[in-house]
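Engineer: Sharing protein38.csv, CSV, N, CA and C atoms:
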```csv
chain,number,residue,atom,x,y,z
N,1,GLN,N,2.5,-1.6,-9.1
N,1,GLN,CA,2.2,-0.2,-9.4
N,1,GLN,C,0.8,-0.1,-9.8
N,2,VAL,N,0.1,0.8,-9.1
N,2,VAL,CA,-1.3,1.1,-9.4
N,2,VAL,C,-1.4,2.0,-10.6
N,3,GLN,N,-2.3,1.7,-11.5
N,3,GLN,CA,-2.6,2.5,-12.7
N,3,GLN,C,-4.1,3.0,-12.6
N,4,LEU,N,-4.3,4.2,-12.9
N,4,LEU,CA,-5.6,4.8,-12.9
N,4,LEU,C,-5.9,5.3,-14.3
N,5,GLU,N,-7.1,5.0,-14.7
N,5,GLU,CA,-7.6,5.4,-16.1
N,5,GLU,C,-8.9,6.1,-15.9
N,6,GLU,N,-8.9,7.4,-16.3
N,6,GLU,CA,-10.2,8.2,-16.3
N,6,GLU,C,-10.8,8.2,-17.6
N,7,SER,N,-12.1,8.4,-17.6
N,7,SER,CA,-12.9,8.6,-18.8
N,7,SER,C,-14.2,9.4,-18.5
N,8,GLY,N,-14.8,9.9,-19.6
N,8,GLY,CA,-16.0,10.6,-19.4
N,8,GLY,C,-16.0,12.1,-19.6
N,9,GLY,N,-14.8,12.7,-19.7
N,9,GLY,CA,-14.7,14.1,-19.9
N,9,GLY,C,-15.2,14.5,-21.2
N,10,GLY,N,-15.3,15.8,-21.4
N,10,GLY,CA,-15.8,16.3,-22.7
N,10,GLY,C,-16.3,17.8,-22.6
N,11,LEU,N,-17.0,18.2,-23.6
N,11,LEU,CA,-17.5,19.5,-23.7
N,11,LEU,C,-19.0,19.5,-23.5
N,12,VAL,N,-19.5,20.3,-22.6
N,12,VAL,CA,-20.9,20.4,-22.3
N,12,VAL,C,-21.3,21.8,-22.1
N,13,GLU,N,-22.6,22.1,-22.3
N,13,GLU,CA,-23.1,23.5,-22.1
N,13,GLU,C,-23.4,23.7,-20.6
N,14,ALA,N,-23.3,24.9,-20.2
N,14,ALA,CA,-23.7,25.3,-18.8
N,14,ALA,C,-25.1,24.7,-18.5
N,15,GLY,N,-25.2,24.2,-17.3
N,15,GLY,CA,-26.4,23.6,-16.8
N,15,GLY,C,-26.5,22.1,-17.2
N,16,GLY,N,-25.6,21.6,-18.0
N,16,GLY,CA,-25.6,20.2,-18.3
N,16,GLY,C,-24.9,19.3,-17.3
N,17,SER,N,-24.8,18.0,-17.7
N,17,SER,CA,-24.3,17.0,-16.8
N,17,SER,C,-23.2,16.2,-17.5
N,18,LEU,N,-22.3,15.7,-16.7
N,18,LEU,CA,-21.3,14.7,-17.2
N,18,LEU,C,-21.0,13.7,-16.1
N,19,ARG,N,-20.6,12.5,-16.5
N,19,ARG,CA,-20.3,11.5,-15.5
N,19,ARG,C,-18.8,11.0,-15.8
N,20,LEU,N,-18.0,11.2,-14.8
N,20,LEU,CA,-16.6,10.7,-15.0
N,20,LEU,C,-16.4,9.4,-14.3
N,21,SER,N,-15.6,8.6,-14.9
N,21,SER,CA,-15.3,7.2,-14.3
N,21,SER,C,-13.7,7.1,-14.2
N,22,CYS,N,-13.3,6.4,-13.2
N,22,CYS,CA,-11.9,6.1,-13.0
N,22,CYS,C,-11.8,4.6,-12.5
N,23,THR,N,-11.0,3.9,-13.2
N,23,THR,CA,-10.7,2.5,-12.9
N,23,THR,C,-9.3,2.3,-12.5
N,24,ALA,N,-9.1,1.6,-11.4
N,24,ALA,CA,-7.7,1.3,-10.9
N,24,ALA,C,-7.4,-0.2,-11.2
N,25,THR,N,-6.2,-0.3,-11.7
N,25,THR,CA,-5.7,-1.7,-11.9
N,25,THR,C,-4.3,-1.8,-11.3
N,26,MET,N,-3.9,-3.1,-11.0
N,26,MET,CA,-2.6,-3.4,-10.5
N,26,MET,C,-2.3,-4.8,-10.8
N,27,GLY,N,-2.2,-5.1,-12.1
N,27,GLY,CA,-2.0,-6.5,-12.5
N,27,GLY,C,-3.1,-7.4,-11.9
N,28,PHE,N,-2.6,-8.5,-11.3
N,28,PHE,CA,-3.6,-9.4,-10.8
N,28,PHE,C,-3.6,-9.3,-9.3
N,29,ASN,N,-3.0,-8.2,-8.7
N,29,ASN,CA,-3.0,-8.1,-7.3
N,29,ASN,C,-4.2,-7.3,-6.8
N,30,SER,N,-4.6,-7.5,-5.6
N,30,SER,CA,-5.7,-6.7,-5.0
N,30,SER,C,-5.1,-5.4,-4.6
N,31,ILE,N,-5.9,-4.3,-4.9
N,31,ILE,CA,-5.4,-3.0,-4.7
N,31,ILE,C,-5.6,-2.6,-3.2
N,32,ARG,N,-6.7,-2.8,-2.7
N,32,ARG,CA,-7.1,-2.5,-1.3
N,32,ARG,C,-6.9,-1.0,-1.0
N,33,ALA,N,-7.5,-0.2,-1.8
N,33,ALA,CA,-7.5,1.2,-1.7
N,33,ALA,C,-8.2,1.6,-0.4
N,34,ASN,N,-7.7,2.7,0.2
N,34,ASN,CA,-8.4,3.2,1.4
N,34,ASN,C,-9.3,4.4,1.1
N,35,VAL,N,-8.9,5.1,0.0
N,35,VAL,CA,-9.7,6.3,-0.4
N,35,VAL,C,-9.6,6.5,-1.9
N,36,LEU,N,-10.7,6.9,-2.5
N,36,LEU,CA,-10.7,7.3,-3.9
N,36,LEU,C,-11.2,8.8,-4.0
N,37,GLY,N,-10.7,9.5,-4.9
N,37,GLY,CA,-11.1,10.9,-5.0
N,37,GLY,C,-10.9,11.5,-6.4
N,38,TRP,N,-11.4,12.7,-6.5
N,38,TRP,CA,-11.3,13.5,-7.7
N,38,TRP,C,-10.8,14.9,-7.3
N,39,TYR,N,-9.8,15.4,-8.1
N,39,TYR,CA,-9.3,16.7,-7.9
N,39,TYR,C,-9.4,17.4,-9.3
N,40,ARG,N,-9.3,18.7,-9.3
N,40,ARG,CA,-9.3,19.3,-10.6
N,40,ARG,C,-8.3,20.5,-10.6
N,41,GLN,N,-7.8,20.8,-11.8
N,41,GLN,CA,-6.9,22.0,-11.9
N,41,GLN,C,-7.3,22.8,-13.2
N,42,ALA,N,-7.6,24.0,-13.0
N,42,ALA,CA,-7.9,24.9,-14.1
N,42,ALA,C,-6.7,25.7,-14.5
N,43,PRO,N,-6.6,26.2,-15.7
N,43,PRO,CA,-5.4,26.9,-16.1
N,43,PRO,C,-5.0,28.0,-15.2
N,44,GLY,N,-3.8,28.1,-14.7
N,44,GLY,CA,-3.3,29.2,-13.9
N,44,GLY,C,-3.7,29.0,-12.4
N,45,LYS,N,-4.4,27.9,-12.1
N,45,LYS,CA,-4.8,27.7,-10.7
N,45,LYS,C,-4.2,26.5,-10.1
N,46,GLN,N,-4.2,26.4,-8.8
N,46,GLN,CA,-3.8,25.2,-8.1
N,46,GLN,C,-4.8,24.1,-8.2
N,47,ARG,N,-4.3,22.9,-8.0
N,47,ARG,CA,-5.1,21.7,-8.0
N,47,ARG,C,-6.0,21.8,-6.7
N,48,GLU,N,-7.3,21.5,-6.9
N,48,GLU,CA,-8.2,21.6,-5.8
N,48,GLU,C,-9.0,20.3,-5.6
N,49,LEU,N,-9.5,20.1,-4.4
N,49,LEU,CA,-10.3,19.0,-4.1
N,49,LEU,C,-11.7,19.1,-4.7
N,50,VAL,N,-12.1,18.1,-5.3
N,50,VAL,CA,-13.5,18.0,-5.8
N,50,VAL,C,-14.3,17.1,-4.9
N,51,ALA,N,-13.9,15.9,-4.7
N,51,ALA,CA,-14.6,14.9,-3.8
N,51,ALA,C,-13.7,13.7,-3.5
N,52,THR,N,-14.0,13.2,-2.3
N,52,THR,CA,-13.3,11.9,-1.9
N,52,THR,C,-14.3,11.0,-1.3
N,53,ILE,N,-14.0,9.7,-1.4
N,53,ILE,CA,-14.9,8.7,-0.7
N,53,ILE,C,-14.0,7.6,-0.2
N,54,THR,N,-14.3,7.2,1.1
N,54,THR,CA,-13.5,6.2,1.7
N,54,THR,C,-14.0,4.8,1.6
N,55,ARG,N,-13.2,3.9,2.0
N,55,ARG,CA,-13.7,2.5,2.0
N,55,ARG,C,-15.0,2.3,2.8
N,56,GLY,N,-15.1,3.1,3.8
N,56,GLY,CA,-16.3,3.0,4.6
N,56,GLY,C,-17.5,3.7,4.1
N,57,GLY,N,-17.3,4.5,3.0
N,57,GLY,CA,-18.4,5.2,2.3
N,57,GLY,C,-18.5,6.6,2.7
N,58,SER,N,-17.6,7.1,3.6
N,58,SER,CA,-17.7,8.5,3.9
N,58,SER,C,-17.2,9.4,2.8
N,59,THR,N,-18.0,10.5,2.6
N,59,THR,CA,-17.6,11.4,1.4
N,59,THR,C,-17.3,12.8,1.9
N,60,ASN,N,-16.5,13.5,1.1
N,60,ASN,CA,-16.1,14.8,1.4
N,60,ASN,C,-16.1,15.6,0.1
N,61,TYR,N,-16.6,16.8,0.1
N,61,TYR,CA,-16.7,17.6,-1.2
N,61,TYR,C,-16.1,18.9,-1.0
N,62,GLY,N,-15.5,19.4,-2.1
N,62,GLY,CA,-15.1,20.8,-2.1
N,62,GLY,C,-16.3,21.7,-2.1
N,63,ASP,N,-16.1,22.9,-1.5
N,63,ASP,CA,-17.2,23.8,-1.3
N,63,ASP,C,-17.8,24.2,-2.7
N,64,ALA,N,-17.0,24.3,-3.7
N,64,ALA,CA,-17.5,24.8,-5.0
N,64,ALA,C,-18.4,23.8,-5.7
N,65,VAL,N,-18.4,22.5,-5.3
N,65,VAL,CA,-19.2,21.5,-5.9
N,65,VAL,C,-20.3,20.9,-5.1
N,66,LYS,N,-20.4,21.3,-3.8
N,66,LYS,CA,-21.4,20.7,-2.9
N,66,LYS,C,-22.8,20.9,-3.4
N,67,GLY,N,-23.6,19.9,-3.4
N,67,GLY,CA,-24.9,19.9,-3.9
N,67,GLY,C,-25.1,19.7,-5.4
N,68,ARG,N,-24.0,19.7,-6.1
N,68,ARG,CA,-24.1,19.5,-7.6
N,68,ARG,C,-23.4,18.3,-8.0
N,69,PHE,N,-22.3,17.9,-7.4
N,69,PHE,CA,-21.5,16.7,-7.8
N,69,PHE,C,-21.8,15.6,-6.7
N,70,THR,N,-21.7,14.3,-7.2
N,70,THR,CA,-21.8,13.2,-6.3
N,70,THR,C,-20.8,12.2,-6.7
N,71,ILE,N,-20.0,11.7,-5.7
N,71,ILE,CA,-19.0,10.7,-5.9
N,71,ILE,C,-19.6,9.4,-5.4
N,72,SER,N,-19.2,8.3,-6.1
N,72,SER,CA,-19.6,7.0,-5.7
N,72,SER,C,-18.4,6.0,-6.1
N,73,ARG,N,-18.6,4.8,-5.6
N,73,ARG,CA,-17.5,3.8,-5.9
N,73,ARG,C,-18.1,2.4,-5.9
N,74,THR,N,-17.4,1.5,-6.5
N,74,THR,CA,-17.7,0.1,-6.4
N,74,THR,C,-17.3,-0.4,-5.1
N,75,SER,N,-18.0,-1.5,-4.7
N,75,SER,CA,-17.7,-2.1,-3.3
N,75,SER,C,-16.2,-2.5,-3.2
N,76,ALA,N,-15.6,-2.9,-4.4
N,76,ALA,CA,-14.2,-3.4,-4.4
N,76,ALA,C,-13.2,-2.2,-4.3
N,77,MET,N,-13.7,-1.0,-4.4
N,77,MET,CA,-12.9,0.2,-4.4
N,77,MET,C,-11.9,0.2,-5.5
N,78,THR,N,-12.4,-0.3,-6.7
N,78,THR,CA,-11.5,-0.3,-7.9
N,78,THR,C,-12.0,0.7,-8.9
N,79,THR,N,-13.2,1.2,-8.8
N,79,THR,CA,-13.7,2.2,-9.7
N,79,THR,C,-14.5,3.3,-8.9
N,80,THR,N,-14.3,4.5,-9.3
N,80,THR,CA,-15.0,5.6,-8.7
N,80,THR,C,-15.7,6.4,-9.8
N,81,PHE,N,-16.8,6.9,-9.5
N,81,PHE,CA,-17.6,7.7,-10.5
N,81,PHE,C,-17.8,9.1,-9.9
N,82,LEU,N,-17.9,10.1,-10.8
N,82,LEU,CA,-18.2,11.5,-10.3
N,82,LEU,C,-19.3,11.9,-11.2
N,83,GLN,N,-20.5,12.0,-10.7
N,83,GLN,CA,-21.7,12.6,-11.4
N,83,GLN,C,-21.7,14.1,-11.2
N,84,MET,N,-21.6,14.8,-12.3
N,84,MET,CA,-21.5,16.3,-12.2
N,84,MET,C,-22.8,16.8,-12.9
N,85,ASN,N,-23.6,17.5,-12.1
N,85,ASN,CA,-24.8,18.1,-12.6
N,85,ASN,C,-24.7,19.7,-12.4
N,86,SER,N,-25.6,20.3,-13.1
N,86,SER,CA,-25.7,21.8,-13.1
N,86,SER,C,-24.3,22.4,-13.3
N,87,LEU,N,-23.6,21.9,-14.3
N,87,LEU,CA,-22.2,22.4,-14.5
N,87,LEU,C,-22.2,23.9,-14.9
N,88,LYS,N,-21.1,24.5,-14.5
N,88,LYS,CA,-20.9,25.9,-14.7
N,88,LYS,C,-19.6,26.1,-15.5
N,89,PRO,N,-19.5,27.2,-16.2
N,89,PRO,CA,-18.2,27.5,-16.9
N,89,PRO,C,-17.0,27.4,-15.9
N,90,GLU,N,-17.1,27.8,-14.7
N,90,GLU,CA,-16.0,27.7,-13.8
N,90,GLU,C,-15.7,26.3,-13.3
N,91,ASP,N,-16.4,25.3,-13.7
N,91,ASP,CA,-16.0,23.9,-13.5
N,91,ASP,C,-15.1,23.4,-14.6
N,92,THR,N,-14.8,24.2,-15.6
N,92,THR,CA,-13.8,23.9,-16.6
N,92,THR,C,-12.5,23.6,-16.0
N,93,ALA,N,-11.9,22.4,-16.2
N,93,ALA,CA,-10.6,22.1,-15.7
N,93,ALA,C,-10.2,20.7,-16.2
N,94,VAL,N,-9.0,20.3,-15.8
N,94,VAL,CA,-8.6,18.9,-16.0
N,94,VAL,C,-8.9,18.2,-14.7
N,95,TYR,N,-9.7,17.1,-14.7
N,95,TYR,CA,-10.1,16.4,-13.6
N,95,TYR,C,-9.2,15.2,-13.4
N,96,TYR,N,-8.6,15.0,-12.2
N,96,TYR,CA,-7.7,13.9,-11.9
N,96,TYR,C,-8.3,13.0,-10.9
N,97,CYS,N,-8.2,11.7,-11.2
N,97,CYS,CA,-8.5,10.7,-10.3
N,97,CYS,C,-7.4,10.4,-9.3
N,98,ASN,N,-7.7,10.1,-8.1
N,98,ASN,CA,-6.7,9.9,-7.0
N,98,ASN,C,-7.1,8.7,-6.2
N,99,LEU,N,-6.0,7.9,-5.8
N,99,LEU,CA,-6.2,6.7,-5.0
N,99,LEU,C,-5.2,6.7,-3.9
N,100,GLY,N,-5.7,6.5,-2.7
N,100,GLY,CA,-4.8,6.4,-1.5
N,100,GLY,C,-4.8,4.9,-1.1
N,101,ARG,N,-3.6,4.4,-0.9
N,101,ARG,CA,-3.4,3.0,-0.5
N,101,ARG,C,-2.2,2.9,0.5
N,102,ASP,N,-2.5,2.5,1.7
N,102,ASP,CA,-1.5,2.6,2.8
N,102,ASP,C,-0.9,4.0,2.8
N,103,SER,N,0.4,4.2,2.6
N,103,SER,CA,1.0,5.5,2.7
N,103,SER,C,1.2,6.0,1.3
N,104,GLN,N,0.7,5.4,0.3
N,104,GLN,CA,1.0,5.8,-1.1
N,104,GLN,C,-0.2,6.5,-1.7
N,105,VAL,N,0.1,7.4,-2.6
N,105,VAL,CA,-1.0,8.1,-3.4
N,105,VAL,C,-0.7,8.0,-4.8
N,106,TYR,N,-1.7,7.7,-5.6
N,106,TYR,CA,-1.6,7.5,-7.0
N,106,TYR,C,-2.5,8.5,-7.8
N,107,TRP,N,-2.1,8.9,-8.9
N,107,TRP,CA,-2.8,9.9,-9.7
N,107,TRP,C,-3.1,9.4,-11.1
N,108,GLY,N,-4.2,9.7,-11.7
N,108,GLY,CA,-4.5,9.4,-13.1
N,108,GLY,C,-3.9,10.5,-14.0
N,109,GLN,N,-4.0,10.3,-15.3
N,109,GLN,CA,-3.4,11.3,-16.2
N,109,GLN,C,-4.3,12.5,-16.4
N,110,GLY,N,-5.6,12.4,-16.0
N,110,GLY,CA,-6.5,13.5,-16.1
N,110,GLY,C,-7.4,13.5,-17.3
N,111,THR,N,-8.6,14.0,-17.2
N,111,THR,CA,-9.5,14.1,-18.3
N,111,THR,C,-10.1,15.5,-18.3
N,112,GLN,N,-10.1,16.1,-19.5
N,112,GLN,CA,-10.6,17.5,-19.6
N,112,GLN,C,-12.1,17.6,-19.6
N,113,VAL,N,-12.5,18.5,-18.8
N,113,VAL,CA,-14.0,18.9,-18.8
N,113,VAL,C,-14.1,20.4,-19.1
N,114,THR,N,-14.8,20.7,-20.2
N,114,THR,CA,-15.0,22.0,-20.6
N,114,THR,C,-16.5,22.4,-20.6
N,115,VAL,N,-16.9,23.4,-19.9
N,115,VAL,CA,-18.3,23.9,-19.8
N,115,VAL,C,-18.4,25.2,-20.5
N,116,SER,N,-19.2,25.2,-21.6
N,116,SER,CA,-19.4,26.4,-22.3
N,116,SER,C,-20.6,27.2,-21.8
N,117,SER,N,-20.4,28.6,-21.9
N,117,SER,CA,-21.5,29.4,-21.4
N,117,SER,C,-22.6,29.7,-22.4
```
Could you show the structure in this file as structure tokens?

Structural biologist:
Amino acid sequence: QVQLEESGGGLVEAGGSLRLSCTATMGFNSIRANVLGWYRQAPGKQRELVATITRGGSTNYGDAVKGRFTISRTSAMTTTFLQMNSLKPEDTAVYYCNLGRDSQVYWGQGTQVTVSS
């Protein structure tokens, strides 16, 4: 069973930056993830794509964050980072780490990001 642990959330003023991290573990086994990603869910809204990155390094971003957020990962595909710049109040949400492996998808517990105006 893959476990994902996020960190780095918090409270920041509009225009500021935060960096989220997510580390995947599965005991002593190799995870061999195919894709890592970040999604977010604001109160009263559906969960939406923030960014994904594949084993080959291809990235995909949600329209709302393009040009402001950058996703990266370690070569082993066990940790992903989300650098968030020029944060806006509308970026306030719980951010969830996501890992795709074969036909299975795993989610982290989420980390709160709050951007004050």

Engineer: For stretch 109-112 of chain N, find every residue with an atom within 5 Å (counting only N, CA and C atoms), except residues of its own chain fewer than 3 positions away, and show them as a ChimeraX atom specification.

Structural biologist: /N:9-10,93-96

Engineer: Restrict the selected residues to N, CA and C atoms and save them as a PDB file, keeping the file's coordinate frame.

Structural biologist:
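Final output, saved to result_10.pdb:
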```
ATOM      1  N   GLY N   9     -14.800  12.700 -19.700  1.00  0.00           N
ATOM      2  CA  GLY N   9     -14.700  14.100 -19.900  1.00  0.00           C
ATOM      3  C   GLY N   9     -15.200  14.500 -21.200  1.00  0.00           C
ATOM      4  N   GLY N  10     -15.300  15.800 -21.400  1.00  0.00           N
ATOM      5  CA  GLY N  10     -15.800  16.300 -22.700  1.00  0.00           C
ATOM      6  C   GLY N  10     -16.300  17.800 -22.600  1.00  0.00           C
ATOM      7  N   ALA N  93     -11.900  22.400 -16.200  1.00  0.00           N
ATOM      8  CA  ALA N  93     -10.600  22.100 -15.700  1.00  0.00           C
ATOM      9  C   ALA N  93     -10.200  20.700 -16.200  1.00  0.00           C
ATOM     10  N   VAL N  94      -9.000  20.300 -15.800  1.00  0.00           N
ATOM     11  CA  VAL N  94      -8.600  18.900 -16.000  1.00  0.00           C
ATOM     12  C   VAL N  94      -8.900  18.200 -14.700  1.00  0.00           C
ATOM     13  N   TYR N  95      -9.700  17.100 -14.700  1.00  0.00           N
ATOM     14  CA  TYR N  95     -10.100  16.400 -13.600  1.00  0.00           C
ATOM     15  C   TYR N  95      -9.200  15.200 -13.400  1.00  0.00           C
ATOM     16  N   TYR N  96      -8.600  15.000 -12.200  1.00  0.00           N
ATOM     17  CA  TYR N  96      -7.700  13.900 -11.900  1.00  0.00           C
ATOM     18  C   TYR N  96      -8.300  13.000 -10.900  1.00  0.00           C
TER      19      TYR N  96
END
```

Engineer: Quick one: everything within 9 Å of N:Leu49, counting only C-alpha atoms, minus sequence neighbours fewer than 4 positions away in the same chain. Send it as a list in words.

Structural biologist: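 What passes the distance filter is Gly37, Trp38, Tyr39, Arg40, Tyr61, Gly62 and Asp63 of chain N.
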
Engineer: My list of candidates is N:Gln46, N:Asn60, N:Ser117, N:Gln1. Which is closest to N:Glu90 when distances are computed with only N, CA and C atoms?

Structural biologist: N:Ser117

Engineer: Atom N of N:Arg19 and atom C of N:Ser103 are how many Å apart?

Structural biologist: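 These two atoms are separated by 28.9 Å.
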
Engineer: What lies within 7 Å of N:Tyr106 using only N, CA and C atoms, ignoring chain neighbours under 6 positions off, as a count of residues only?

Structural biologist: 6

Engineer: Neighbourhood query: residues within 6 Å of (-4.6, -2.2, -12.4), file coordinates, counting only N, CA and C atoms; return as a ChimeraX atom specification.

Structural biologist: /N:2-3,24-27

Engineer: Mind listing whatever residues come within 8 Å of the point (-20.7, 13.1, -8.7)? Use only N, CA and C atoms, file coordinates, and give them as a list in words.

Structural biologist: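 Within 8 Å of (-20.7, 13.1, -8.7), the protein and nucleic acid residues are Leu18, Arg19, Leu20, Arg68, Phe69, Thr70, Ile71, Ser72, Phe81, Leu82, Gln83, Met84 and Asn85 of chain N.
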
Engineer: Could you check how far atom CA of N:Arg55 sits from atom CA of N:Ser30, in Å to one decimal?

Structural biologist: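 Atom-to-atom, atom CA of N:Arg55 to atom CA of N:Ser30, that is 14.1 Å.
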
Engineer: When distances are computed from only N, CA and C atoms, which of N:Ser116, N:Gly44, N:Gly108, N:Ser86 shows the smallest separation from N:Ser17?

Structural biologist: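 Counting only N, CA and C atoms, the residue closest to N:Ser17 is N:Ser86.
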
Engineer: So what do you get for atom N of N:Glu6 versus atom CA of N:Gly67, distance-wise?

Structural biologist: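 Separating atom N of N:Glu6 from atom CA of N:Gly67 is a distance of 23.8 Å.
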
Engineer: DSSP on the backbone: which residues in chain N end up as strand (DSSP E or B)? Give the answer as a count of residues only.

Structural biologist: 66

Engineer: Rank nothing, just name the residue among N:Ala64, N:Val35, N:Val50, N:Val113 nearest to N:Thr92, using only C-alpha atoms.

Structural biologist: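 Going through N:Ala64, N:Val35, N:Val50, N:Val113 one by one, the smallest distance to N:Thr92 is for N:Val113.
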
Engineer: May I ask which of the residues N:Ile53, N:Val115, N:Ala42, N:Ala33 is the closest one to N:Asp102, counting only N, CA and C atoms?

Structural biologist: N:Ala33

Engineer: I need the residue nearest N:Arg32 from this list: N:Trp107, N:Leu87, N:Thr79, N:Thr114. Use only C-alpha atoms for the distance.

Structural biologist: N:Thr79
